[in-house]
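The next block is work-v6.txt, given as compact mmCIF, C-alpha atoms and all ligand atoms.
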# COMPACT_ATOMS: atom_id res chain seq x y z
CA MET A 27 3.61 26.69 -45.39
CA GLU A 28 4.64 29.66 -47.57
CA ARG A 29 6.00 32.75 -45.82
CA THR A 30 3.82 35.07 -47.89
CA THR A 31 0.74 33.16 -46.73
CA CYS A 32 1.91 33.51 -43.15
CA ARG A 33 2.27 37.27 -43.47
CA SER A 34 -1.03 37.78 -45.22
CA ILE A 35 -3.30 35.73 -43.00
CA ALA A 36 -3.11 36.94 -39.45
CA LEU A 37 -5.31 34.15 -38.13
CA LEU A 38 -2.70 31.60 -39.16
CA ALA A 39 0.12 33.36 -37.32
CA ALA A 40 0.15 30.90 -34.46
CA LEU A 41 0.23 27.96 -36.85
CA CYS A 42 3.01 29.55 -38.88
CA ALA A 43 5.07 30.04 -35.73
CA GLY A 44 5.32 26.24 -35.66
CA SER A 45 6.43 25.99 -39.29
CA ALA A 46 10.10 25.56 -38.37
CA ALA A 47 9.17 22.45 -36.43
CA ILE A 48 6.94 21.25 -39.26
CA ALA A 49 9.84 21.63 -41.71
CA GLN A 50 11.93 19.28 -39.54
CA MET A 51 9.37 16.48 -39.61
CA PRO A 52 10.17 13.42 -41.72
CA PRO A 53 8.85 13.62 -45.28
CA ARG A 54 5.24 12.56 -45.71
CA PRO A 55 4.91 9.11 -47.35
CA ALA A 56 4.12 9.27 -51.06
CA SER A 57 0.50 8.25 -50.63
CA PRO A 58 -1.97 7.81 -47.77
CA ALA A 59 -1.79 4.07 -48.42
CA ALA A 60 1.78 4.19 -47.10
CA TYR A 61 0.92 6.07 -43.89
CA PRO A 62 1.50 4.09 -40.69
CA ALA A 63 -1.68 2.49 -39.42
CA GLN A 64 -2.76 1.88 -35.85
CA THR A 65 -1.88 -1.56 -34.51
CA ALA A 66 -4.54 -4.12 -35.46
CA TYR A 67 -5.70 -6.94 -33.22
CA PRO A 68 -7.26 -9.41 -35.65
CA LYS A 69 -8.40 -11.82 -32.92
CA GLU A 70 -9.94 -9.16 -30.69
CA ASN A 71 -13.15 -9.87 -28.81
CA ARG A 72 -14.87 -6.61 -29.73
CA GLU A 73 -17.68 -6.93 -27.24
CA ALA A 74 -15.24 -7.59 -24.39
CA VAL A 75 -12.90 -4.79 -25.53
CA GLY A 76 -15.82 -2.36 -25.50
CA ARG A 77 -17.00 -3.49 -22.07
CA GLU A 78 -13.52 -3.33 -20.50
CA LEU A 79 -12.71 0.01 -22.14
CA ALA A 80 -15.91 1.50 -20.75
CA ALA A 81 -15.07 0.22 -17.26
CA ALA A 82 -11.52 1.59 -17.46
CA ARG A 83 -12.69 4.99 -18.72
CA LYS A 84 -15.26 5.27 -15.94
CA LEU A 85 -12.69 4.40 -13.28
CA ALA A 86 -10.28 7.02 -14.67
CA GLY A 87 -12.75 9.86 -14.23
CA ALA A 88 -11.65 13.33 -15.29
CA ASP A 89 -8.38 13.46 -13.38
CA LEU A 90 -6.85 10.27 -14.81
CA GLU A 91 -8.18 10.60 -18.38
CA ALA A 92 -4.68 11.18 -19.76
CA ASP A 93 -3.40 8.04 -18.04
CA PHE A 94 -6.33 6.04 -19.39
CA ASN A 95 -5.65 7.39 -22.89
CA TRP A 96 -1.98 6.50 -22.67
CA ARG A 97 -2.27 2.99 -21.27
CA CYS A 98 -5.56 1.82 -22.82
CA LEU A 99 -5.41 3.48 -26.26
CA ILE A 100 -2.22 5.26 -27.32
CA SER A 101 0.37 2.79 -26.06
CA PRO A 102 -1.26 -0.36 -27.53
CA LEU A 103 -2.50 1.25 -30.75
CA ASP A 104 -0.22 4.04 -31.93
CA ARG A 105 3.49 3.20 -31.97
CA VAL A 106 4.30 6.38 -33.94
CA GLN A 107 2.79 8.58 -31.25
CA VAL A 108 4.54 6.57 -28.53
CA ALA A 109 7.89 7.02 -30.28
CA GLY A 110 7.27 10.75 -30.56
CA VAL A 111 6.15 11.43 -27.01
CA GLN A 112 8.70 9.01 -25.55
CA HIS A 113 11.66 10.28 -27.57
CA ASP A 114 15.22 10.28 -26.24
CA GLY A 115 15.76 13.81 -24.99
CA LEU A 116 17.39 15.84 -22.27
CA VAL A 117 15.18 17.21 -19.50
CA PRO A 118 16.36 19.26 -16.52
CA ALA A 119 17.27 17.33 -13.40
CA THR A 120 14.78 18.09 -10.65
CA ARG A 121 14.61 17.69 -6.89
CA VAL A 122 11.10 16.28 -6.56
CA PHE A 123 11.08 15.58 -2.80
CA ASP A 124 13.53 16.44 -0.02
CA ASN A 125 15.21 13.06 -0.58
CA LEU A 126 14.13 12.10 -4.15
CA TYR A 127 15.79 13.48 -7.30
CA SER A 128 14.79 12.95 -10.92
CA VAL A 129 18.01 12.36 -12.88
CA GLY A 130 16.86 10.56 -16.02
CA GLN A 131 15.93 11.64 -19.53
CA ASN A 132 12.66 12.13 -21.43
CA SER A 133 12.16 8.54 -22.60
CA VAL A 134 13.07 6.74 -19.38
CA SER A 135 13.41 7.71 -15.74
CA ALA A 136 16.27 7.39 -13.30
CA TRP A 137 15.90 8.38 -9.66
CA ALA A 138 18.36 9.15 -6.91
CA ILE A 139 17.43 8.85 -3.24
CA ASP A 140 19.75 10.73 -0.91
CA THR A 141 20.33 9.45 2.61
CA PRO A 142 22.97 10.42 5.19
CA GLN A 143 24.67 7.06 4.56
CA GLY A 144 24.79 7.30 0.78
CA ILE A 145 22.70 7.37 -2.38
CA ILE A 146 20.38 4.75 -3.85
CA VAL A 147 19.81 5.03 -7.60
CA ILE A 148 16.72 3.47 -9.18
CA ASP A 149 17.32 2.42 -12.81
CA ALA A 150 20.34 3.29 -14.93
CA LEU A 151 19.08 4.52 -18.35
CA ASN A 152 19.80 2.95 -21.76
CA SER A 153 23.56 2.62 -21.89
CA PRO A 154 26.91 3.30 -20.21
CA ASP A 155 27.08 6.53 -22.25
CA GLU A 156 23.73 7.73 -20.89
CA ALA A 157 24.77 6.88 -17.32
CA ARG A 158 28.05 8.81 -17.76
CA ASP A 159 26.71 11.73 -19.82
CA ILE A 160 23.16 12.19 -18.45
CA LEU A 161 22.56 10.45 -15.12
CA VAL A 162 25.84 11.41 -13.43
CA PRO A 163 25.84 15.07 -14.61
CA ASN A 164 22.18 15.37 -13.57
CA MET A 165 23.14 14.20 -10.08
CA GLN A 166 26.03 16.65 -9.94
CA LYS A 167 23.81 19.56 -11.04
CA LEU A 168 21.64 18.85 -8.00
CA GLY A 169 24.61 18.64 -5.65
CA LEU A 170 24.72 14.85 -5.39
CA ASP A 171 28.18 13.26 -5.47
CA PRO A 172 28.01 10.08 -7.58
CA LYS A 173 30.85 8.61 -5.51
CA ARG A 174 28.24 8.25 -2.76
CA ILE A 175 26.09 5.81 -4.80
CA LYS A 176 25.81 2.64 -2.72
CA TYR A 177 23.03 0.76 -4.52
CA VAL A 178 21.52 0.71 -8.01
CA ILE A 179 18.11 -0.97 -7.97
CA LEU A 180 16.87 -2.17 -11.38
CA THR A 181 13.11 -2.28 -11.79
CA HIS A 182 13.25 -4.81 -14.61
CA GLY A 183 15.37 -6.59 -17.18
CA HIS A 184 14.70 -4.41 -20.24
CA GLY A 185 17.87 -2.64 -21.37
CA ASP A 186 16.41 0.86 -21.17
CA HIS A 187 16.40 0.43 -17.37
CA TRP A 188 19.73 -1.34 -16.80
CA GLY A 189 21.99 -0.33 -19.72
CA GLY A 190 24.06 2.02 -17.54
CA ALA A 191 24.24 -0.26 -14.49
CA LYS A 192 27.68 -1.73 -15.24
CA PHE A 193 29.11 1.77 -15.61
CA LEU A 194 27.83 2.75 -12.15
CA GLN A 195 29.05 -0.56 -10.71
CA ASP A 196 32.54 -0.26 -12.26
CA THR A 197 32.98 3.47 -11.64
CA TYR A 198 31.57 3.90 -8.13
CA GLY A 199 31.55 0.38 -6.71
CA ALA A 200 27.75 0.46 -6.37
CA HIS A 201 25.91 -2.74 -5.53
CA VAL A 202 23.37 -3.69 -8.20
CA VAL A 203 20.01 -5.12 -7.12
CA ALA A 204 17.55 -6.97 -9.37
CA SER A 205 15.22 -9.96 -9.11
CA ALA A 206 16.69 -13.39 -9.88
CA ALA A 207 14.41 -13.77 -12.91
CA ASP A 208 15.45 -10.44 -14.40
CA TRP A 209 19.15 -11.04 -13.70
CA GLY A 210 18.49 -14.02 -15.98
CA MET A 211 17.07 -11.69 -18.65
CA MET A 212 20.10 -9.37 -18.48
CA GLU A 213 22.50 -12.30 -18.67
CA SER A 214 20.72 -14.07 -21.56
CA PRO A 215 22.23 -13.70 -25.07
CA SER A 216 19.39 -11.36 -26.13
CA ARG A 217 19.93 -9.26 -22.95
CA GLY A 218 16.18 -9.16 -22.39
CA GLY A 219 15.22 -8.40 -25.97
CA GLY A 220 14.85 -5.30 -28.09
CA PRO A 221 17.86 -3.39 -29.38
CA PHE A 222 19.96 -4.21 -26.31
CA ALA A 223 21.82 -7.40 -27.30
CA SER A 224 25.17 -5.57 -27.45
CA LEU A 225 24.93 -4.26 -23.86
CA VAL A 226 27.23 -5.74 -21.23
CA PRO A 227 25.26 -6.60 -18.08
CA PRO A 228 26.53 -5.66 -14.64
CA ARG A 229 28.40 -8.34 -12.68
CA HIS A 230 25.86 -10.59 -10.96
CA ASP A 231 25.25 -9.05 -7.57
CA ILE A 232 22.24 -8.86 -5.22
CA GLU A 233 19.06 -10.84 -5.96
CA ALA A 234 16.10 -9.07 -4.39
CA LYS A 235 13.31 -11.31 -3.14
CA ASP A 236 9.68 -10.52 -2.50
CA GLY A 237 9.39 -8.59 0.76
CA ASP A 238 13.14 -7.86 1.04
CA SER A 239 14.54 -4.48 2.00
CA VAL A 240 17.42 -2.45 0.64
CA THR A 241 18.68 -0.50 3.63
CA LEU A 242 21.09 2.38 4.19
CA GLY A 243 21.22 3.48 7.83
CA ASP A 244 17.63 3.91 8.96
CA PHE A 245 16.32 4.31 5.38
CA SER A 246 14.72 1.26 3.77
CA ILE A 247 13.16 0.43 0.42
CA ARG A 248 10.86 -2.60 0.35
CA THR A 249 11.06 -4.74 -2.80
CA TYR A 250 8.25 -6.85 -4.25
CA ILE A 251 8.26 -9.23 -7.21
CA THR A 252 5.40 -8.26 -9.53
CA PRO A 253 5.63 -10.34 -12.73
CA GLY A 254 3.81 -9.40 -15.93
CA HIS A 255 5.81 -6.75 -17.76
CA THR A 256 8.81 -9.07 -17.25
CA PRO A 257 9.08 -12.35 -15.28
CA GLY A 258 10.70 -10.63 -12.29
CA THR A 259 9.58 -7.02 -12.38
CA LEU A 260 10.62 -5.36 -9.10
CA SER A 261 8.26 -2.89 -7.45
CA LEU A 262 9.29 -0.58 -4.63
CA VAL A 263 7.81 1.15 -1.59
CA PHE A 264 9.86 3.83 0.17
CA PRO A 265 9.40 6.99 2.24
CA VAL A 266 9.74 10.43 0.69
CA PHE A 267 9.68 13.75 2.51
CA ASP A 268 7.95 16.90 1.28
CA LYS A 269 9.30 19.89 3.23
CA GLY A 270 9.90 17.51 6.10
CA VAL A 271 6.49 15.80 5.96
CA ARG A 272 6.67 12.05 5.40
CA HIS A 273 4.78 10.39 2.56
CA ASN A 274 5.00 6.87 1.14
CA ALA A 275 6.00 6.40 -2.50
CA GLY A 276 5.09 3.39 -4.61
CA LEU A 277 7.00 2.62 -7.81
CA MET A 278 5.40 -0.25 -9.76
CA GLY A 279 8.31 -1.53 -11.84
CA GLY A 280 6.28 -2.29 -14.99
CA THR A 281 2.73 -1.10 -15.50
CA GLY A 282 2.69 -2.06 -19.17
CA GLY A 283 2.11 -5.73 -19.78
CA GLY A 284 0.36 -7.88 -22.25
CA SER A 285 2.38 -8.95 -25.25
CA THR A 286 0.84 -12.40 -24.66
CA PRO A 287 -2.38 -13.42 -22.87
CA ASP A 288 -0.31 -15.14 -20.15
CA ALA A 289 1.72 -11.98 -19.54
CA ALA A 290 -1.45 -9.89 -19.38
CA ARG A 291 -2.99 -12.30 -16.86
CA ARG A 292 0.16 -12.20 -14.72
CA GLN A 293 0.12 -8.41 -14.94
CA ILE A 294 -3.50 -8.22 -13.80
CA ALA A 295 -2.75 -10.53 -10.84
CA SER A 296 0.34 -8.50 -9.91
CA LEU A 297 -1.56 -5.22 -10.06
CA THR A 298 -4.28 -6.63 -7.80
CA ARG A 299 -1.60 -7.66 -5.31
CA TRP A 300 0.24 -4.35 -5.70
CA GLN A 301 -2.93 -2.45 -4.89
CA ALA A 302 -3.27 -4.44 -1.65
CA ILE A 303 0.40 -3.94 -0.73
CA THR A 304 0.36 -0.20 -1.38
CA LYS A 305 -2.97 0.28 0.39
CA ALA A 306 -1.63 -1.48 3.49
CA ALA A 307 1.57 0.59 3.30
CA GLY A 308 -0.35 3.88 3.01
CA VAL A 309 1.19 4.73 -0.36
CA ASP A 310 0.07 8.19 -1.46
CA VAL A 311 2.86 9.21 -3.87
CA LEU A 312 3.07 7.98 -7.46
CA VAL A 313 6.54 7.44 -8.90
CA THR A 314 7.01 5.75 -12.29
CA ASN A 315 9.99 4.53 -14.32
CA HIS A 316 8.97 6.29 -17.54
CA PRO A 317 8.07 10.00 -17.30
CA VAL A 318 5.22 9.68 -19.80
CA HIS A 319 3.42 7.25 -17.49
CA MET A 320 2.41 10.14 -15.26
CA ALA A 321 3.43 13.30 -17.14
CA ALA A 322 6.39 13.45 -14.74
CA THR A 323 8.39 15.78 -17.00
CA GLU A 324 5.54 18.30 -16.92
CA LYS A 325 5.05 17.93 -13.17
CA GLU A 326 8.79 18.48 -12.64
CA ALA A 327 8.61 21.71 -14.68
CA LEU A 328 5.88 22.99 -12.35
CA ILE A 329 8.08 22.16 -9.35
CA ARG A 330 11.15 23.88 -10.84
CA TYR A 331 9.20 27.04 -11.62
CA GLY A 332 7.51 27.07 -8.21
CA ALA A 333 4.17 26.85 -10.03
CA SER A 334 2.63 23.91 -8.20
CA GLN A 335 0.90 26.21 -5.70
CA GLY A 336 2.37 24.53 -2.67
CA ASN A 337 1.05 21.11 -3.66
CA ASN A 338 3.66 18.60 -4.78
CA PRO A 339 2.06 17.13 -7.95
CA PHE A 340 3.59 13.70 -7.23
CA ILE A 341 1.41 13.41 -4.12
CA TYR A 342 -1.77 11.74 -5.37
CA GLY A 343 -3.30 10.74 -2.05
CA MET A 344 -4.11 7.12 -1.24
CA ASP A 345 -7.44 6.94 -3.09
CA LYS A 346 -6.14 8.38 -6.35
CA TYR A 347 -3.04 6.17 -6.18
CA GLN A 348 -5.29 3.11 -5.91
CA ARG A 349 -7.47 4.34 -8.78
CA TYR A 350 -4.41 4.96 -10.97
CA MET A 351 -3.32 1.35 -10.44
CA GLY A 352 -6.93 0.26 -11.05
CA VAL A 353 -6.82 2.00 -14.44
CA MET A 354 -3.52 0.24 -15.26
CA SER A 355 -5.16 -3.08 -14.36
CA ALA A 356 -8.33 -2.30 -16.32
CA CYS A 357 -6.21 -1.48 -19.38
CA SER A 358 -4.47 -4.86 -19.07
CA ARG A 359 -7.97 -6.39 -19.17
CA VAL A 360 -8.67 -4.40 -22.34
CA GLN A 361 -5.43 -5.78 -23.79
CA LEU A 362 -6.44 -9.34 -22.89
CA ALA A 363 -9.73 -8.80 -24.76
CA ARG A 364 -7.80 -7.41 -27.75
CA MET A 365 -5.95 -10.73 -27.84
CA GLY A 366 -9.27 -12.55 -28.10
CA GLU A 367 -9.94 -13.42 -24.48
CA ALA A 368 -12.89 -12.43 -22.34
CA PRO A 369 -11.50 -11.33 -18.94
CA GLU A 370 -13.33 -12.83 -15.93
ZN ZN B 401 10.15 -2.54 -19.94
Just dump the structure as structure tokens.
Amino acid sequence: MERTTCRSIALLAALCAGSAAIAQMPPRPASPAAYPAQTAYPKENREAVGRELAAARKLAGADLEADFNWRCLISPLDRVQVAGVQHDGLVPATRVFDNLYSVGQNSVSAWAIDTPQGIIVIDALNSPDEARDILVPNMQKLGLDPKRIKYVILTHGHGDHWGGAKFLQDTYGAHVVASAADWGMMESPSRGGGPFASLVPPRHDIEAKDGDSVTLGDFSIRTYITPGHTPGTLSLVFPVFDKGVRHNAGLMGGTGGGSTPDAARRQIASLTRWQAITKAAGVDVLVTNHPVHMAATEKEALIRYGASQGNNPFIYGMDKYQRYMGVMSACSRVQLARMGEAPE
């Protein structure tokens, strides 16, 4: 936009204020025919997609509309928007609960849980460089000594979650925990797929089984195997404390699933089981392994500025937690219908 236009039309002032950002955007393709299109699903069962979408949208209500949009529509249809929102970027480290610290980056989460007996880290970012230059400095900014890391729990075998694990293992002697199936992904020649084939996996260490615990002193994290996103996705239940008041956090290790009909069906079954597990455990706090899955970056900003009006925005309450997982499940049903199946 021309500067003279900006000066002469007051109504466009706000738009012009964004012109620096607009100037940095990649050049527009030569013709609309070359614009990126939404992902097509040529075999989709349109009637079933419509029915399942309507059910998912209804379940989401007003308070989970953004989560419905992300999981049911944006994530499966608009890779350009996903890449933009989920860009690699630095975000301030944040103490989210008394014992839970957000130490990751914009595109993928990493968490540190502080206990008197040491620190448990959940996920290790994309690479050794990110572990050294983002995760560790984020911990230090919040007063956490990385030498106290005792365990690194990996939610699944995609490199964006385990790329920095070997660094933490080699540098601090941390034990690395993953499911047997996803150790297999990390140790396969493709390293679990995507752009991660050049990563070096951590030395084979602890294989978490369904119903196991990772324990430091009297603090325990329960681990569950919830296949779908990967064959051995690990999901976690652990206590968090908000100004001394205990709550129960649930971290489902892979809410996206459905590159094949089989994977989508496994994901739906795992989410059904996860809902039962978390209901029985009284889970009322949502924690995710990508910030965009729950607008965690935005919630953390509210916490840092003291703008959450005394209510920790990660505390959903048991009913809303269940409904969030219900929306994730419903969106997997939508995805199954996009692949031509009619969910039961
Ligand atoms: Zn993944």
**OP:** Give as an MDAnalysis selection string the residues surrounding ligand ZN 401 (chain B) up to a distance of 7 Å, considering all atoms listed in the file.
**Re:** chainID A and resid 182 184 255 280
Keeping only C-alpha atoms, take the residues you just selected and write them out as an mmCIF file, in the coordinates of the input.
data_model
loop_
_atom_site.group_PDB
_atom_site.id
_atom_site.type_symbol
_atom_site.label_atom_id
_atom_site.label_comp_id
_atom_site.auth_asym_id
_atom_site.auth_seq_id
_atom_site.Cartn_x
_atom_site.Cartn_y
_atom_site.Cartn_z
ATOM 1 C CA HIS A 182 13.250 -4.810 -14.610
ATOM 2 C CA HIS A 184 14.700 -4.410 -20.240
ATOM 3 C CA HIS A 255 5.810 -6.750 -17.760
ATOM 4 C CA GLY A 280 6.280 -2.290 -14.990
#
Original post:
Of the candidates A:Gln64, A:Gly258, A:Ser135, A:Ile179, which one gets nearest to Pro118 in chain A if we count only C-alpha atoms?
Top reply: A:Ser135
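Pairwise distance (CA of Gly130 in chain A, CA of Ala82 in chain A) equals 29.8 Å.
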**OP:** Determine, counting only C-alpha atoms, every residue of protein, DNA or RNA that lies within 12 Å of (-5.8, 10.5, -4.4) in the file coordinates, then give the result as number ranges by chain.
**Re:** A: 86, 89-90, 305, 308-312, 339-351
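Among the candidates A:Val240, A:Gly183, A:Ala88, A:Pro68, the one nearest to Ile139 in chain A when counting all atoms listed in the file is A:Val240.
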Original post:
Any idea what's packed within 8 Å of range 151-165 of chain A, counting all atoms listed in the file, ignoring anything in its chain fewer than 2 positions away? Could you give it as JSON, numbers by chain?
Top reply: {"A": [116, 118, 119, 127, 129, 130, 131, 134, 135, 136, 138, 149, 167, 168, 169, 170, 171, 172, 185, 186, 187, 188, 189, 190, 191, 192, 193, 194, 225]}
Output file request: range 294-304 of chain A, with all heavy atoms, as a compact mmCIF listing (two decimals), in the first residue's frame.
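Result file follows (selection.txt):
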# COMPACT_ATOMS: atom_id res chain seq x y z
N ILE A 294 -9.85 -42.80 17.30
CA ILE A 294 -11.19 -42.69 17.90
C ILE A 294 -11.29 -43.62 19.11
O ILE A 294 -11.78 -43.23 20.18
CB ILE A 294 -12.27 -43.00 16.84
CG1 ILE A 294 -12.29 -41.89 15.77
CG2 ILE A 294 -13.64 -43.13 17.50
CD1 ILE A 294 -13.04 -42.27 14.50
N ALA A 295 -10.80 -44.86 18.96
CA ALA A 295 -10.85 -45.82 20.07
C ALA A 295 -10.01 -45.31 21.25
O ALA A 295 -10.42 -45.40 22.42
CB ALA A 295 -10.35 -47.19 19.61
N SER A 296 -8.83 -44.76 20.94
CA SER A 296 -7.96 -44.27 22.03
C SER A 296 -8.60 -43.08 22.74
O SER A 296 -8.49 -42.96 23.97
CB SER A 296 -6.60 -43.84 21.47
OG SER A 296 -5.82 -44.98 21.18
N LEU A 297 -9.25 -42.20 21.98
CA LEU A 297 -9.87 -41.04 22.62
C LEU A 297 -11.04 -41.46 23.51
O LEU A 297 -11.26 -40.89 24.58
CB LEU A 297 -10.31 -40.02 21.56
CG LEU A 297 -9.16 -39.14 21.05
CD1 LEU A 297 -9.51 -38.49 19.72
CD2 LEU A 297 -8.80 -38.06 22.08
N THR A 298 -11.78 -42.48 23.07
CA THR A 298 -12.87 -42.99 23.91
C THR A 298 -12.30 -43.52 25.23
O THR A 298 -12.80 -43.22 26.32
CB THR A 298 -13.63 -44.11 23.18
OG1 THR A 298 -14.16 -43.56 21.97
CG2 THR A 298 -14.75 -44.68 24.03
N ARG A 299 -11.20 -44.28 25.12
CA ARG A 299 -10.58 -44.82 26.32
C ARG A 299 -9.97 -43.69 27.17
O ARG A 299 -10.09 -43.70 28.40
CB ARG A 299 -9.50 -45.83 25.91
CG ARG A 299 -8.80 -46.47 27.07
CD ARG A 299 -8.02 -47.71 26.70
NE ARG A 299 -7.27 -48.13 27.88
CZ ARG A 299 -5.96 -47.89 28.06
NH1 ARG A 299 -5.26 -47.28 27.13
NH2 ARG A 299 -5.37 -48.27 29.17
N TRP A 300 -9.35 -42.74 26.52
CA TRP A 300 -8.75 -41.61 27.24
C TRP A 300 -9.80 -40.83 28.01
O TRP A 300 -9.57 -40.39 29.14
CB TRP A 300 -8.00 -40.72 26.26
CG TRP A 300 -7.29 -39.56 26.89
CD1 TRP A 300 -7.55 -38.23 26.71
CD2 TRP A 300 -6.21 -39.62 27.83
NE1 TRP A 300 -6.69 -37.47 27.45
CE2 TRP A 300 -5.86 -38.29 28.15
CE3 TRP A 300 -5.51 -40.67 28.41
CZ2 TRP A 300 -4.83 -37.98 29.04
CZ3 TRP A 300 -4.48 -40.36 29.30
CH2 TRP A 300 -4.16 -39.04 29.60
N GLN A 301 -10.96 -40.66 27.42
CA GLN A 301 -12.03 -39.95 28.13
C GLN A 301 -12.42 -40.71 29.41
O GLN A 301 -12.63 -40.10 30.46
CB GLN A 301 -13.25 -39.76 27.22
CG GLN A 301 -13.03 -38.67 26.17
CD GLN A 301 -14.26 -38.44 25.31
OE1 GLN A 301 -14.53 -39.19 24.38
NE2 GLN A 301 -15.01 -37.41 25.63
N ALA A 302 -12.47 -42.04 29.32
CA ALA A 302 -12.82 -42.83 30.51
C ALA A 302 -11.72 -42.74 31.57
O ALA A 302 -11.99 -42.56 32.77
CB ALA A 302 -13.06 -44.28 30.11
N ILE A 303 -10.46 -42.83 31.13
CA ILE A 303 -9.33 -42.75 32.07
C ILE A 303 -9.32 -41.41 32.78
O ILE A 303 -9.18 -41.33 34.01
CB ILE A 303 -7.99 -42.96 31.30
CG1 ILE A 303 -7.85 -44.41 30.85
CG2 ILE A 303 -6.80 -42.54 32.16
CD1 ILE A 303 -6.74 -44.62 29.82
N THR A 304 -9.46 -40.33 32.01
CA THR A 304 -9.34 -39.00 32.61
C THR A 304 -10.56 -38.65 33.47
O THR A 304 -10.43 -37.92 34.45
CB THR A 304 -9.13 -37.93 31.52
OG1 THR A 304 -10.14 -38.07 30.50
CG2 THR A 304 -7.76 -38.08 30.88
